[in-house]
>>> print(open('query31.txt').read())   # compact mmCIF, C-alpha atoms
# COMPACT_ATOMS: atom_id res chain seq x y z
CA MET A 4 0.00 0.00 0.00
CA ARG A 5 1.29 3.46 -0.80
CA ALA A 6 0.07 6.95 -0.12
CA GLU A 7 -1.10 9.14 -2.95
CA PRO A 8 1.49 11.92 -3.39
CA LEU A 9 0.59 14.65 -0.93
CA ARG A 10 1.18 17.35 -3.53
CA THR A 11 -1.76 16.01 -5.53
CA VAL A 12 -4.39 16.71 -2.86
CA ALA A 13 -2.59 19.38 -0.82
CA ASP A 14 -1.54 21.60 -3.67
CA ALA A 15 -1.95 25.27 -2.73
CA GLY A 16 -3.92 26.05 -5.87
CA ARG A 17 -6.28 23.14 -5.36
CA ILE A 18 -6.91 24.07 -1.74
CA THR A 19 -7.52 27.67 -2.79
CA GLU A 20 -10.23 26.53 -5.20
CA ALA A 21 -11.85 24.32 -2.56
CA LEU A 22 -11.90 27.11 0.03
CA ARG A 23 -13.34 29.60 -2.46
CA ARG A 24 -16.09 27.19 -3.53
CA SER A 25 -17.06 26.75 0.11
CA GLY A 26 -17.03 30.51 0.70
CA ALA A 27 -14.17 30.31 3.19
CA ALA A 28 -11.36 32.16 1.42
CA GLY A 29 -12.86 35.16 -0.37
CA SER A 30 -10.29 36.52 -2.81
CA ALA A 31 -7.28 35.26 -0.86
CA ARG A 32 -4.98 32.70 -2.43
CA VAL A 33 -3.22 29.93 -0.54
CA SER A 34 0.48 30.49 -1.14
CA ASN A 35 2.00 27.73 0.97
CA VAL A 36 0.91 24.49 2.65
CA ALA A 37 2.88 22.95 5.52
CA VAL A 38 2.24 19.68 7.35
CA LEU A 39 1.86 20.27 11.10
CA SER A 40 1.03 16.68 12.10
CA SER A 41 0.25 13.32 10.56
CA LEU A 42 -1.73 10.33 11.82
CA ARG A 43 -1.99 7.10 9.85
CA LYS A 44 -4.69 4.52 10.57
CA ALA A 45 -5.59 1.28 8.85
CA ARG A 46 -7.85 2.87 6.24
CA SER A 47 -7.00 6.57 6.29
CA HIS A 48 -4.27 9.15 6.62
CA THR A 49 -5.08 12.36 8.49
CA LEU A 50 -2.90 15.44 8.29
CA ARG A 51 -3.12 18.87 9.87
CA LEU A 52 -2.07 21.49 7.33
CA ARG A 53 -1.02 25.06 8.04
CA LEU A 54 -2.05 27.50 5.31
CA SER A 55 -0.33 30.74 4.30
CA TYR A 56 -2.11 33.26 2.09
CA GLU A 57 -1.57 36.06 -0.37
CA GLY A 58 -4.20 38.78 -0.28
CA SER A 59 -6.82 39.54 2.34
CA ALA A 60 -7.38 36.33 4.30
CA ARG A 61 -9.81 37.65 6.89
CA GLY A 62 -12.04 34.75 7.94
CA ALA A 63 -9.98 32.19 6.04
CA PRO A 64 -8.78 29.18 8.08
CA GLY A 65 -5.19 29.25 9.24
CA SER A 66 -5.13 25.47 9.21
CA ILE A 67 -7.31 22.61 7.95
CA ILE A 68 -7.55 18.86 8.31
CA LEU A 69 -6.90 16.66 5.30
CA LYS A 70 -8.28 13.16 5.72
CA MET A 71 -7.50 10.92 2.76
CA GLY A 72 -7.31 7.33 1.63
CA ASP A 73 -4.42 5.28 0.30
CA LEU A 74 -3.68 3.57 -2.96
CA ASP A 75 -2.71 -0.09 -3.13
CA SER A 76 0.41 -1.49 -4.75
CA GLU A 77 -1.28 -1.28 -8.15
CA GLY A 78 -2.22 2.36 -7.73
CA LEU A 79 -5.90 1.71 -7.02
CA PRO A 80 -7.90 3.01 -4.03
CA SER A 81 -7.62 0.51 -1.19
CA TYR A 82 -10.84 1.70 0.50
CA ALA A 83 -13.46 4.00 -1.02
CA ASN A 84 -15.00 5.46 2.18
CA ARG A 85 -18.06 6.38 0.14
CA HIS A 86 -20.32 6.51 3.17
CA GLU A 87 -18.38 9.25 4.95
CA ILE A 88 -17.91 11.17 1.71
CA VAL A 89 -21.68 11.11 1.16
CA PHE A 90 -22.28 12.29 4.71
CA TYR A 91 -20.06 15.34 4.43
CA ARG A 92 -21.15 16.12 0.88
CA ASP A 93 -24.91 15.59 1.16
CA VAL A 94 -25.98 15.35 4.81
CA SER A 95 -23.90 17.74 6.89
CA PRO A 96 -24.75 20.84 4.78
CA ALA A 97 -28.41 20.32 5.72
CA LEU A 98 -27.69 20.54 9.44
CA SER A 99 -28.75 23.83 10.95
CA GLY A 100 -26.63 23.28 14.05
CA HIS A 101 -22.89 22.90 14.44
CA VAL A 102 -22.65 19.23 15.40
CA VAL A 103 -20.06 18.32 12.77
CA PRO A 104 -16.88 20.01 11.55
CA PHE A 105 -17.34 22.21 8.50
CA CYS A 106 -16.34 20.42 5.33
CA PHE A 107 -14.62 22.49 2.65
CA GLU A 108 -14.41 19.64 0.13
CA ALA A 109 -15.46 16.00 -0.15
CA VAL A 110 -14.03 14.08 -3.11
CA GLU A 111 -14.80 10.46 -3.95
CA ALA A 112 -12.17 7.97 -5.00
CA THR A 113 -11.71 7.24 -8.69
CA GLU A 114 -9.95 4.40 -10.46
CA ALA A 115 -6.69 6.33 -10.20
CA SER A 116 -7.05 8.56 -7.13
CA ALA A 117 -7.94 8.13 -3.47
CA TRP A 118 -10.81 9.87 -1.68
CA HIS A 119 -10.20 12.87 0.52
CA LEU A 120 -11.92 15.33 2.84
CA LEU A 121 -10.86 18.87 3.68
CA LEU A 122 -12.29 19.63 7.11
CA GLU A 123 -12.39 22.37 9.70
CA ASP A 124 -9.45 22.10 12.09
CA LEU A 125 -10.70 21.82 15.68
CA THR A 126 -7.29 21.48 17.32
CA ASP A 127 -7.11 24.95 18.86
CA SER A 128 -10.80 25.38 19.68
CA HIS A 129 -11.68 21.89 20.94
CA PHE A 130 -10.23 18.91 22.79
CA ILE A 131 -10.88 15.19 23.22
CA ALA A 132 -12.09 14.53 26.76
CA THR A 133 -9.79 11.68 27.77
CA GLU A 134 -7.09 9.34 26.65
CA TRP A 135 -8.49 5.97 25.54
CA PRO A 136 -9.85 3.99 27.33
CA LEU A 137 -10.58 6.35 30.25
CA PRO A 138 -14.20 7.58 30.45
CA PRO A 139 -15.22 11.23 30.32
CA THR A 140 -16.34 13.10 33.43
CA PRO A 141 -20.06 13.20 34.28
CA MET A 142 -20.32 16.78 32.99
CA GLN A 143 -18.57 15.86 29.74
CA SER A 144 -20.84 12.84 29.37
CA GLU A 145 -23.87 15.09 29.77
CA SER A 146 -22.68 17.38 26.98
CA MET A 147 -22.13 14.36 24.75
CA VAL A 148 -25.61 12.91 25.19
CA GLN A 149 -27.19 16.34 24.73
CA THR A 150 -25.26 16.71 21.47
CA LEU A 151 -26.52 13.32 20.32
CA ALA A 152 -30.06 14.35 21.23
CA ARG A 153 -29.79 17.53 19.15
CA PHE A 154 -28.40 15.63 16.18
CA HIS A 155 -30.98 12.85 16.46
CA ALA A 156 -33.84 15.33 16.87
CA ALA A 157 -32.78 17.17 13.71
CA TRP A 158 -33.48 14.03 11.65
CA TRP A 159 -36.23 12.44 13.75
CA ASP A 160 -38.85 10.87 11.45
CA ARG A 161 -37.91 13.21 8.61
CA SER A 162 -39.67 12.35 5.34
CA CYS A 163 -36.32 12.47 3.51
CA LEU A 164 -35.00 9.47 5.45
CA GLY A 165 -34.43 6.58 3.09
CA VAL A 166 -35.37 8.81 0.12
CA SER A 167 -32.73 11.49 -0.31
CA VAL A 168 -30.85 10.87 2.95
CA GLY A 169 -29.60 7.38 3.74
CA SER A 170 -31.30 4.17 2.72
CA TRP A 171 -33.56 1.60 4.32
CA ARG A 172 -32.30 -1.96 4.61
CA ASP A 173 -34.88 -4.32 3.19
CA ALA A 174 -35.73 -7.76 4.59
CA ALA A 175 -33.35 -9.53 2.22
CA THR A 176 -30.43 -7.32 3.22
CA LEU A 177 -31.13 -7.79 6.91
CA ALA A 178 -31.47 -11.56 6.47
CA LYS A 179 -28.12 -11.69 4.70
CA GLY A 180 -26.56 -9.73 7.55
CA LEU A 181 -27.93 -12.20 10.08
CA ARG A 182 -26.56 -15.13 8.10
CA ASN A 183 -23.16 -13.47 7.98
CA PHE A 184 -23.27 -12.89 11.72
CA ALA A 185 -24.25 -16.51 12.38
CA GLU A 186 -21.15 -17.58 10.43
CA GLN A 187 -18.99 -15.13 12.39
CA PHE A 188 -20.39 -16.41 15.67
CA ALA A 189 -19.66 -20.02 14.71
CA ARG A 190 -16.04 -19.12 13.92
CA PHE A 191 -15.74 -17.10 17.13
CA ASN A 192 -17.10 -19.98 19.18
CA ASN A 193 -14.62 -22.37 17.59
CA ARG A 194 -11.74 -20.02 18.33
CA TYR A 195 -12.78 -18.92 21.84
CA PRO A 196 -15.03 -21.67 23.22
CA GLU A 197 -14.20 -20.77 26.83
CA LEU A 198 -15.88 -17.38 26.30
CA ILE A 199 -19.15 -18.97 25.19
CA PRO A 200 -20.54 -21.16 27.99
CA ALA A 201 -24.01 -22.63 27.61
CA ASP A 202 -25.90 -19.57 28.84
CA ARG A 203 -24.13 -17.27 26.38
CA ARG A 204 -24.62 -19.69 23.52
CA ALA A 205 -28.34 -19.74 24.34
CA LEU A 206 -28.37 -15.93 24.34
CA TYR A 207 -26.88 -15.72 20.85
CA GLU A 208 -29.05 -18.52 19.51
CA GLY A 209 -32.09 -16.82 21.02
CA LEU A 210 -31.17 -13.53 19.35
CA LEU A 211 -30.82 -15.18 15.95
CA ASP A 212 -34.07 -17.12 16.39
CA ASN A 213 -35.99 -14.02 17.44
CA ALA A 214 -34.32 -11.57 15.07
CA PRO A 215 -37.24 -11.37 12.59
CA ARG A 216 -39.60 -10.44 15.43
CA LEU A 217 -37.16 -7.98 17.03
CA LEU A 218 -36.54 -6.30 13.69
CA ALA A 219 -40.19 -5.25 13.60
CA ARG A 220 -39.06 -2.19 15.58
CA TYR A 221 -36.83 -1.14 12.67
CA HIS A 222 -39.41 -2.04 10.03
CA SER A 223 -41.95 0.22 11.74
CA ARG A 224 -40.03 3.22 10.36
CA ARG A 225 -41.40 5.20 13.26
CA HIS A 226 -39.33 7.20 15.74
CA LEU A 227 -36.17 6.52 13.79
CA THR A 228 -33.42 8.95 12.89
CA LEU A 229 -29.87 9.22 11.64
CA ILE A 230 -27.32 7.76 14.03
CA HIS A 231 -23.56 8.18 14.15
CA GLY A 232 -22.87 4.46 14.51
CA ASP A 233 -19.55 4.81 16.34
CA ALA A 234 -20.38 7.30 19.08
CA HIS A 235 -17.56 6.58 21.50
CA PRO A 236 -16.20 9.49 23.59
CA TRP A 237 -13.06 9.85 21.48
CA ASN A 238 -15.13 10.82 18.46
CA PHE A 239 -16.45 13.85 20.35
CA PHE A 240 -14.56 17.15 20.26
CA LEU A 241 -15.47 19.32 23.26
CA PRO A 242 -15.09 23.12 23.14
CA ARG A 243 -12.23 24.50 25.17
CA PRO A 244 -13.33 26.43 28.28
CA GLY A 245 -14.35 29.95 27.43
CA SER A 246 -14.54 29.34 23.70
CA GLY A 247 -18.33 29.31 23.55
CA GLY A 248 -18.20 26.63 20.87
CA ASP A 249 -20.32 23.55 20.30
CA VAL A 250 -19.51 19.88 20.87
CA LYS A 251 -18.70 18.28 17.53
CA LEU A 252 -18.70 14.71 16.30
CA ILE A 253 -16.11 13.35 13.87
CA ASP A 254 -15.60 10.10 11.90
CA TRP A 255 -18.91 9.56 10.13
CA GLU A 256 -18.07 6.32 8.34
CA ASP A 257 -20.82 4.28 10.04
CA TRP A 258 -23.87 6.60 10.00
CA SER A 259 -27.22 5.05 9.15
CA ILE A 260 -30.95 5.23 9.79
CA ASN A 261 -31.88 3.43 13.00
CA THR A 262 -33.09 3.83 16.57
CA ALA A 263 -31.33 6.69 18.33
CA THR A 264 -30.60 4.47 21.32
CA ASP A 265 -28.04 2.55 19.29
CA ASP A 266 -25.65 5.47 19.81
CA LEU A 267 -26.48 5.78 23.49
CA ALA A 268 -26.15 2.07 24.23
CA TYR A 269 -22.79 1.92 22.49
CA MET A 270 -21.42 4.89 24.42
CA ILE A 271 -22.74 3.79 27.80
CA SER A 272 -23.37 0.04 27.99
CA MET A 273 -20.61 -1.14 25.69
CA LEU A 274 -17.85 1.10 26.99
CA TRP A 275 -18.48 1.58 30.72
CA TYR A 276 -17.93 -0.87 33.54
CA PRO A 277 -20.93 -1.69 35.74
CA ASP A 278 -20.35 0.66 38.68
CA ARG A 279 -20.09 3.74 36.48
CA ARG A 280 -22.90 2.63 34.19
CA ARG A 281 -25.27 1.94 37.08
CA ARG A 282 -24.62 5.38 38.60
CA MET A 283 -24.87 7.41 35.41
CA GLU A 284 -27.02 5.49 32.94
CA ARG A 285 -30.48 6.58 34.07
CA PRO A 286 -29.63 10.25 34.72
CA LEU A 287 -28.04 10.47 31.28
CA LEU A 288 -31.04 8.86 29.60
CA ASP A 289 -33.31 11.28 31.49
CA LEU A 290 -31.21 14.20 30.25
CA TYR A 291 -31.20 12.85 26.70
CA HIS A 292 -34.98 12.47 26.66
CA ALA A 293 -35.49 15.96 28.05
CA GLU A 294 -33.29 17.38 25.30
CA LEU A 295 -35.24 15.46 22.64
CA LEU A 296 -38.44 17.06 23.90
CA ALA A 297 -36.80 20.48 24.01
CA GLN A 298 -35.80 20.02 20.37
CA GLY A 299 -39.40 19.32 19.35
CA VAL A 300 -39.61 15.52 19.29
CA SER A 301 -43.11 14.42 20.30
CA GLY A 302 -44.97 11.16 20.81
CA TYR A 303 -41.89 9.40 22.17
CA ASP A 304 -42.22 8.98 25.91
CA ARG A 305 -39.63 8.00 28.50
CA GLN A 306 -40.76 4.38 28.54
CA ALA A 307 -40.30 4.14 24.77
CA LEU A 308 -36.73 5.33 25.21
CA ASP A 309 -36.09 2.65 27.83
CA ASP A 310 -37.61 -0.03 25.59
CA ASP A 311 -35.47 1.00 22.64
CA TYR A 312 -32.38 1.25 24.82
CA ARG A 313 -32.73 -2.31 26.12
CA LEU A 314 -33.21 -3.59 22.58
CA SER A 315 -30.14 -1.67 21.41
CA VAL A 316 -28.11 -3.21 24.23
CA LEU A 317 -29.26 -6.67 23.22
CA TRP A 318 -28.27 -6.15 19.57
CA LEU A 319 -24.85 -4.89 20.69
CA ILE A 320 -23.78 -8.38 21.73
CA THR A 321 -23.11 -8.92 18.03
CA ARG A 322 -20.53 -6.13 17.84
CA PRO A 323 -17.61 -7.64 19.79
CA ILE A 324 -17.99 -10.85 17.79
CA HIS A 325 -17.71 -8.88 14.56
CA GLN A 326 -14.75 -6.92 15.93
CA ALA A 327 -12.91 -10.11 16.85
CA MET A 328 -13.54 -11.67 13.46
CA ILE A 329 -12.16 -8.68 11.55
CA ASN A 330 -9.02 -8.79 13.69
CA ILE A 331 -9.59 -5.77 15.88
CA PRO A 332 -7.17 -6.23 18.82
CA ALA A 333 -8.42 -8.36 21.70
CA ARG A 334 -7.72 -5.51 24.14
CA VAL A 335 -10.64 -3.76 22.43
CA TRP A 336 -13.17 -6.46 21.65
CA TRP A 337 -12.74 -8.59 24.80
CA ASN A 338 -13.50 -5.69 27.15
CA ASN A 339 -16.46 -4.69 24.96
CA PHE A 340 -17.68 -8.29 25.04
CA GLU A 341 -17.59 -8.62 28.81
CA ARG A 342 -19.08 -5.19 29.48
CA ILE A 343 -22.02 -5.67 27.13
CA MET A 344 -22.75 -9.06 28.69
CA LEU A 345 -22.93 -7.45 32.13
CA ALA A 346 -25.26 -4.77 30.76
CA VAL A 347 -27.51 -7.41 29.20
CA ASP A 348 -27.88 -9.05 32.60
CA ASP A 349 -28.39 -5.79 34.50
CA LEU A 350 -31.10 -4.59 32.11
CA ARG A 351 -32.75 -8.04 31.83
CA CYS A 352 -32.38 -7.98 28.07
CA ARG A 353 -32.84 -11.76 27.88
CA ASP A 354 -36.50 -11.13 28.68
CA LEU A 355 -36.82 -9.59 25.21
CA LEU A 356 -36.26 -13.06 23.77
CA VAL A 357 -39.29 -14.50 25.54
CA ARG A 358 -42.37 -14.35 23.34
>>> encode(input="query31.txt", output="structure tokens")
Amino acid sequence: MRAEPLRTVADAGRITEALRRSGAAGSARVSNVAVLSSLRKARSHTLRLRLSYEGSARGAPGSIILKMGDLDSEGLPSYANRHEIVFYRDVSPALSGHVVPFCFEAVEATEASAWHLLLEDLTDSHFIATEWPLPPTPMQSESMVQTLARFHAAWWDRSCLGVSVGSWRDAATLAKGLRNFAEQFARFNNRYPELIPADRRALYEGLLDNAPRLLARYHSRRHLTLIHGDAHPWNFFLPRPGSGGDVKLIDWEDWSINTATDDLAYMISMLWYPDRRRRMERPLLDLYHAELLAQGVSGYDRQALDDDYRLSVLWLITRPIHQAMINIPARVWWNNFERIMLAVDDLRCRDLLVR
């Protein structure tokens, strides 16, 4: 795998054009681009770029984030990242709030070039709450769930869902996903049989057996919204004290239409150990629901939120299995696996499998 030459996507002239199209540069011209930092992950390369200008640059960004893909050994894109490109190109401009970083340019991969995003740089104005895997403070957690509520409320039961924004998964697609998971679970069980005693095997078998019935909640297409899909605390950028800014969410590769509680359950039940979860779970859900109502969501009472939350927790038992089978490190998936099992027991999610 090799990186696309930086000069191709970070050329001063090209960035100038992108900033002008987005209304961020006026008549100023980018005269120089310098790399301030670089972070390489499995499927992307993120750089912080400092920009110098010629002409009046009032209001123009002094730095931006370039997130881009790689090319394989044959010069072809190794990963298209179409979903995140679509989000920043088509979805985020419709948001009236400031939940996501501003995107100056979103370019899809071609047969000969990798995808890339030019994004607002939040480094100086925002911070990530904690170092992984430490949890955020209660106050930080409150700001995160309120941000999710505002984002979810903005898309709650919108008529554009599944039409011009996102897509619905039909019965055939969902059935295929369940078959794929059943195969993953069989391989996981063969590899880690000591982690799947009889009661856990029965839980997974019960979920697969009852999946068509449980999916009726999704097929109702009622009280659904856009979700982030990977709403862990390290994807939240919090405004620095005194900045007056908004909490922002990054990394939109896994957004979809679903129950809002999928994001909440992932953040809380999957990632927190029992003592913290038991102390903070209900107050945070209360706060989230109050913010939904404040944002104009109606007909969705507190009990409905609890019902959806328990169902989201139950479905999350599939996630650590998937993580293990795509070779995410065990230090990640094993802790997720054990925490979500404890949450399932605490919330009596097995009862959802009883007809």
>>> axis_aligned_box(input="query31.txt", around="range 173-176 of chain A", padding_each_side="8 Å", output="AutoDock Vina command-line options")
--center_x -33.1 --center_y -6.9 --center_z 3.4 --size_x 21.3 --size_y 21.2 --size_z 18.4
>>> closest_atom_pairs(input="query31.txt", of="range 217-310 of chain A", to="range 94-104 of chain A", cutoff="7 Å", atoms="all atoms listed in the file", output="JSON lines")
{"residue": "A:Asp249", "atom": "CA", "partner": "A:His101", "partner_atom": "CA", "distance": 6.4}
{"residue": "A:Val250", "atom": "CA", "partner": "A:Val102", "partner_atom": "CA", "distance": 6.3}
{"residue": "A:Lys251", "atom": "CA", "partner": "A:Val102", "partner_atom": "CA", "distance": 4.6}
{"residue": "A:Leu252", "atom": "CA", "partner": "A:Val103", "partner_atom": "CA", "distance": 5.2}
{"residue": "A:Ile253", "atom": "CA", "partner": "A:Val103", "partner_atom": "CA", "distance": 6.4}
>>> residues_near_point(input="query31.txt", point="(-8.6, 4.6, 2.6)", cutoff="6 Å", atoms="all atoms listed in the file", output="PyMOL selection string")
chain A and resi 46-47+72-73+81-82
>>> closest_residue(input="query31.txt", among="A:Ile131, A:Met273, A:Ala307, A:Leu211", to="Leu241 in chain A", atoms="all atoms listed in the file")
A:Ile131
>>> closest_atom_pairs(input="query31.txt", of="range 318-344 of chain A", to="range 203-206 of chain A", cutoff="12 Å", atoms="only C-alpha atoms", output="JSON lines")
{"residue": "A:Trp318", "atom": "CA", "partner": "A:Leu206", "partner_atom": "CA", "distance": 10.9}
{"residue": "A:Ile320", "atom": "CA", "partner": "A:Leu206", "partner_atom": "CA", "distance": 9.2}
{"residue": "A:Thr321", "atom": "CA", "partner": "A:Leu206", "partner_atom": "CA", "distance": 10.8}
{"residue": "A:Phe340", "atom": "CA", "partner": "A:Arg203", "partner_atom": "CA", "distance": 11.1}
{"residue": "A:Glu341", "atom": "CA", "partner": "A:Arg203", "partner_atom": "CA", "distance": 11.1}
{"residue": "A:Ile343", "atom": "CA", "partner": "A:Arg203", "partner_atom": "CA", "distance": 11.8}
{"residue": "A:Met344", "atom": "CA", "partner": "A:Arg203", "partner_atom": "CA", "distance": 8.6}
>>> residues_around(input="query31.txt", residues="Pro139 in chain A", least_positions_apart="3", cutoff="12 Å", atoms="only C-alpha atoms", output="ChimeraX atom specification")
/A:130-136,142-148,235-241,270-271,274-275,279,283
>>> closest_residue(input="query31.txt", among="A:Gly165, A:Pro242, A:Pro200, A:Pro277", to="Leu227 in chain A", atoms="all atoms listed in the file")
A:Gly165
>>> atom_distance(input="query31.txt", atom1="CA of Tyr303 in chain A", atom2="CA of Thr262 in chain A")
11.8 Å
>>> closest_residue(input="query31.txt", among="A:Arg285, A:Arg153, A:Arg353, A:His325", to="Asp202 in chain A", atoms="all atoms listed in the file")
A:Arg353
>>> residues_around(input="query31.txt", residues="range 212-223 of chain A", least_positions_apart="5", cutoff="12 Å", atoms="all atoms listed in the file", output="PyMOL selection string")
chain A and resi 160+171-175+177-178+180-182+184-185+205-207+228+259-263+265+307+310-315+317-318+321+353-358
>>> build_atoms(input="query31.txt", residues="range 248-268 of chain A", atoms="N, CA and C atoms", output="PDB file, in the coordinates of the input")
ATOM      1  N   GLY A 248     -17.909  27.465  22.031  1.00  0.00           N
ATOM      2  CA  GLY A 248     -18.200  26.630  20.870  1.00  0.00           C
ATOM      3  C   GLY A 248     -19.146  25.493  21.195  1.00  0.00           C
ATOM      4  N   ASP A 249     -19.425  24.686  20.169  1.00  0.00           N
ATOM      5  CA  ASP A 249     -20.320  23.550  20.300  1.00  0.00           C
ATOM      6  C   ASP A 249     -19.529  22.243  20.316  1.00  0.00           C
ATOM      7  N   VAL A 250     -20.074  21.224  20.957  1.00  0.00           N
ATOM      8  CA  VAL A 250     -19.510  19.880  20.870  1.00  0.00           C
ATOM      9  C   VAL A 250     -19.678  19.384  19.431  1.00  0.00           C
ATOM     10  N   LYS A 251     -18.637  18.759  18.906  1.00  0.00           N
ATOM     11  CA  LYS A 251     -18.700  18.280  17.530  1.00  0.00           C
ATOM     12  C   LYS A 251     -18.309  16.802  17.455  1.00  0.00           C
ATOM     13  N   LEU A 252     -18.936  16.132  16.521  1.00  0.00           N
ATOM     14  CA  LEU A 252     -18.700  14.710  16.300  1.00  0.00           C
ATOM     15  C   LEU A 252     -17.922  14.512  15.001  1.00  0.00           C
ATOM     16  N   ILE A 253     -16.914  13.635  15.048  1.00  0.00           N
ATOM     17  CA  ILE A 253     -16.110  13.350  13.870  1.00  0.00           C
ATOM     18  C   ILE A 253     -16.259  11.868  13.491  1.00  0.00           C
ATOM     19  N   ASP A 254     -15.637  11.490  12.387  1.00  0.00           N
ATOM     20  CA  ASP A 254     -15.600  10.100  11.900  1.00  0.00           C
ATOM     21  C   ASP A 254     -17.003   9.555  11.637  1.00  0.00           C
ATOM     22  N   TRP A 255     -17.539   9.916  10.488  1.00  0.00           N
ATOM     23  CA  TRP A 255     -18.910   9.560  10.130  1.00  0.00           C
ATOM     24  C   TRP A 255     -18.973   8.403   9.134  1.00  0.00           C
ATOM     25  N   GLU A 256     -18.114   7.438   9.282  1.00  0.00           N
ATOM     26  CA  GLU A 256     -18.070   6.320   8.340  1.00  0.00           C
ATOM     27  C   GLU A 256     -19.213   5.340   8.530  1.00  0.00           C
ATOM     28  N   ASP A 257     -19.838   5.320   9.719  1.00  0.00           N
ATOM     29  CA  ASP A 257     -20.820   4.280  10.040  1.00  0.00           C
ATOM     30  C   ASP A 257     -22.229   4.829  10.265  1.00  0.00           C
ATOM     31  N   TRP A 258     -22.533   6.028   9.782  1.00  0.00           N
ATOM     32  CA  TRP A 258     -23.870   6.600  10.000  1.00  0.00           C
ATOM     33  C   TRP A 258     -24.917   5.780   9.250  1.00  0.00           C
ATOM     34  N   SER A 259     -26.117   5.803   9.776  1.00  0.00           N
ATOM     35  CA  SER A 259     -27.220   5.050   9.150  1.00  0.00           C
ATOM     36  C   SER A 259     -28.534   5.543   9.725  1.00  0.00           C
ATOM     37  N   ILE A 260     -29.621   5.006   9.215  1.00  0.00           N
ATOM     38  CA  ILE A 260     -30.950   5.230   9.790  1.00  0.00           C
ATOM     39  C   ILE A 260     -31.231   4.105  10.771  1.00  0.00           C
ATOM     40  N   ASN A 261     -31.575   4.467  12.015  1.00  0.00           N
ATOM     41  CA  ASN A 261     -31.880   3.430  13.000  1.00  0.00           C
ATOM     42  C   ASN A 261     -32.465   4.067  14.246  1.00  0.00           C
ATOM     43  N   THR A 262     -32.618   3.279  15.297  1.00  0.00           N
ATOM     44  CA  THR A 262     -33.090   3.830  16.570  1.00  0.00           C
ATOM     45  C   THR A 262     -31.968   4.639  17.205  1.00  0.00           C
ATOM     46  N   ALA A 263     -32.325   5.795  17.733  1.00  0.00           N
ATOM     47  CA  ALA A 263     -31.330   6.690  18.330  1.00  0.00           C
ATOM     48  C   ALA A 263     -30.574   6.030  19.464  1.00  0.00           C
ATOM     49  N   THR A 264     -31.221   5.104  20.155  1.00  0.00           N
ATOM     50  CA  THR A 264     -30.600   4.470  21.320  1.00  0.00           C
ATOM     51  C   THR A 264     -29.405   3.601  20.951  1.00  0.00           C
ATOM     52  N   ASP A 265     -29.238   3.283  19.676  1.00  0.00           N
ATOM     53  CA  ASP A 265     -28.040   2.550  19.290  1.00  0.00           C
ATOM     54  C   ASP A 265     -26.783   3.331  19.661  1.00  0.00           C
ATOM     55  N   ASP A 266     -26.804   4.643  19.438  1.00  0.00           N
ATOM     56  CA  ASP A 266     -25.650   5.470  19.810  1.00  0.00           C
ATOM     57  C   ASP A 266     -25.477   5.537  21.311  1.00  0.00           C
ATOM     58  N   LEU A 267     -26.564   5.674  22.038  1.00  0.00           N
ATOM     59  CA  LEU A 267     -26.480   5.780  23.490  1.00  0.00           C
ATOM     60  C   LEU A 267     -25.988   4.483  24.124  1.00  0.00           C
ATOM     61  N   ALA A 268     -26.533   3.359  23.664  1.00  0.00           N
ATOM     62  CA  ALA A 268     -26.150   2.070  24.230  1.00  0.00           C
ATOM     63  C   ALA A 268     -24.677   1.781  23.974  1.00  0.00           C
TER      64      ALA A 268
END
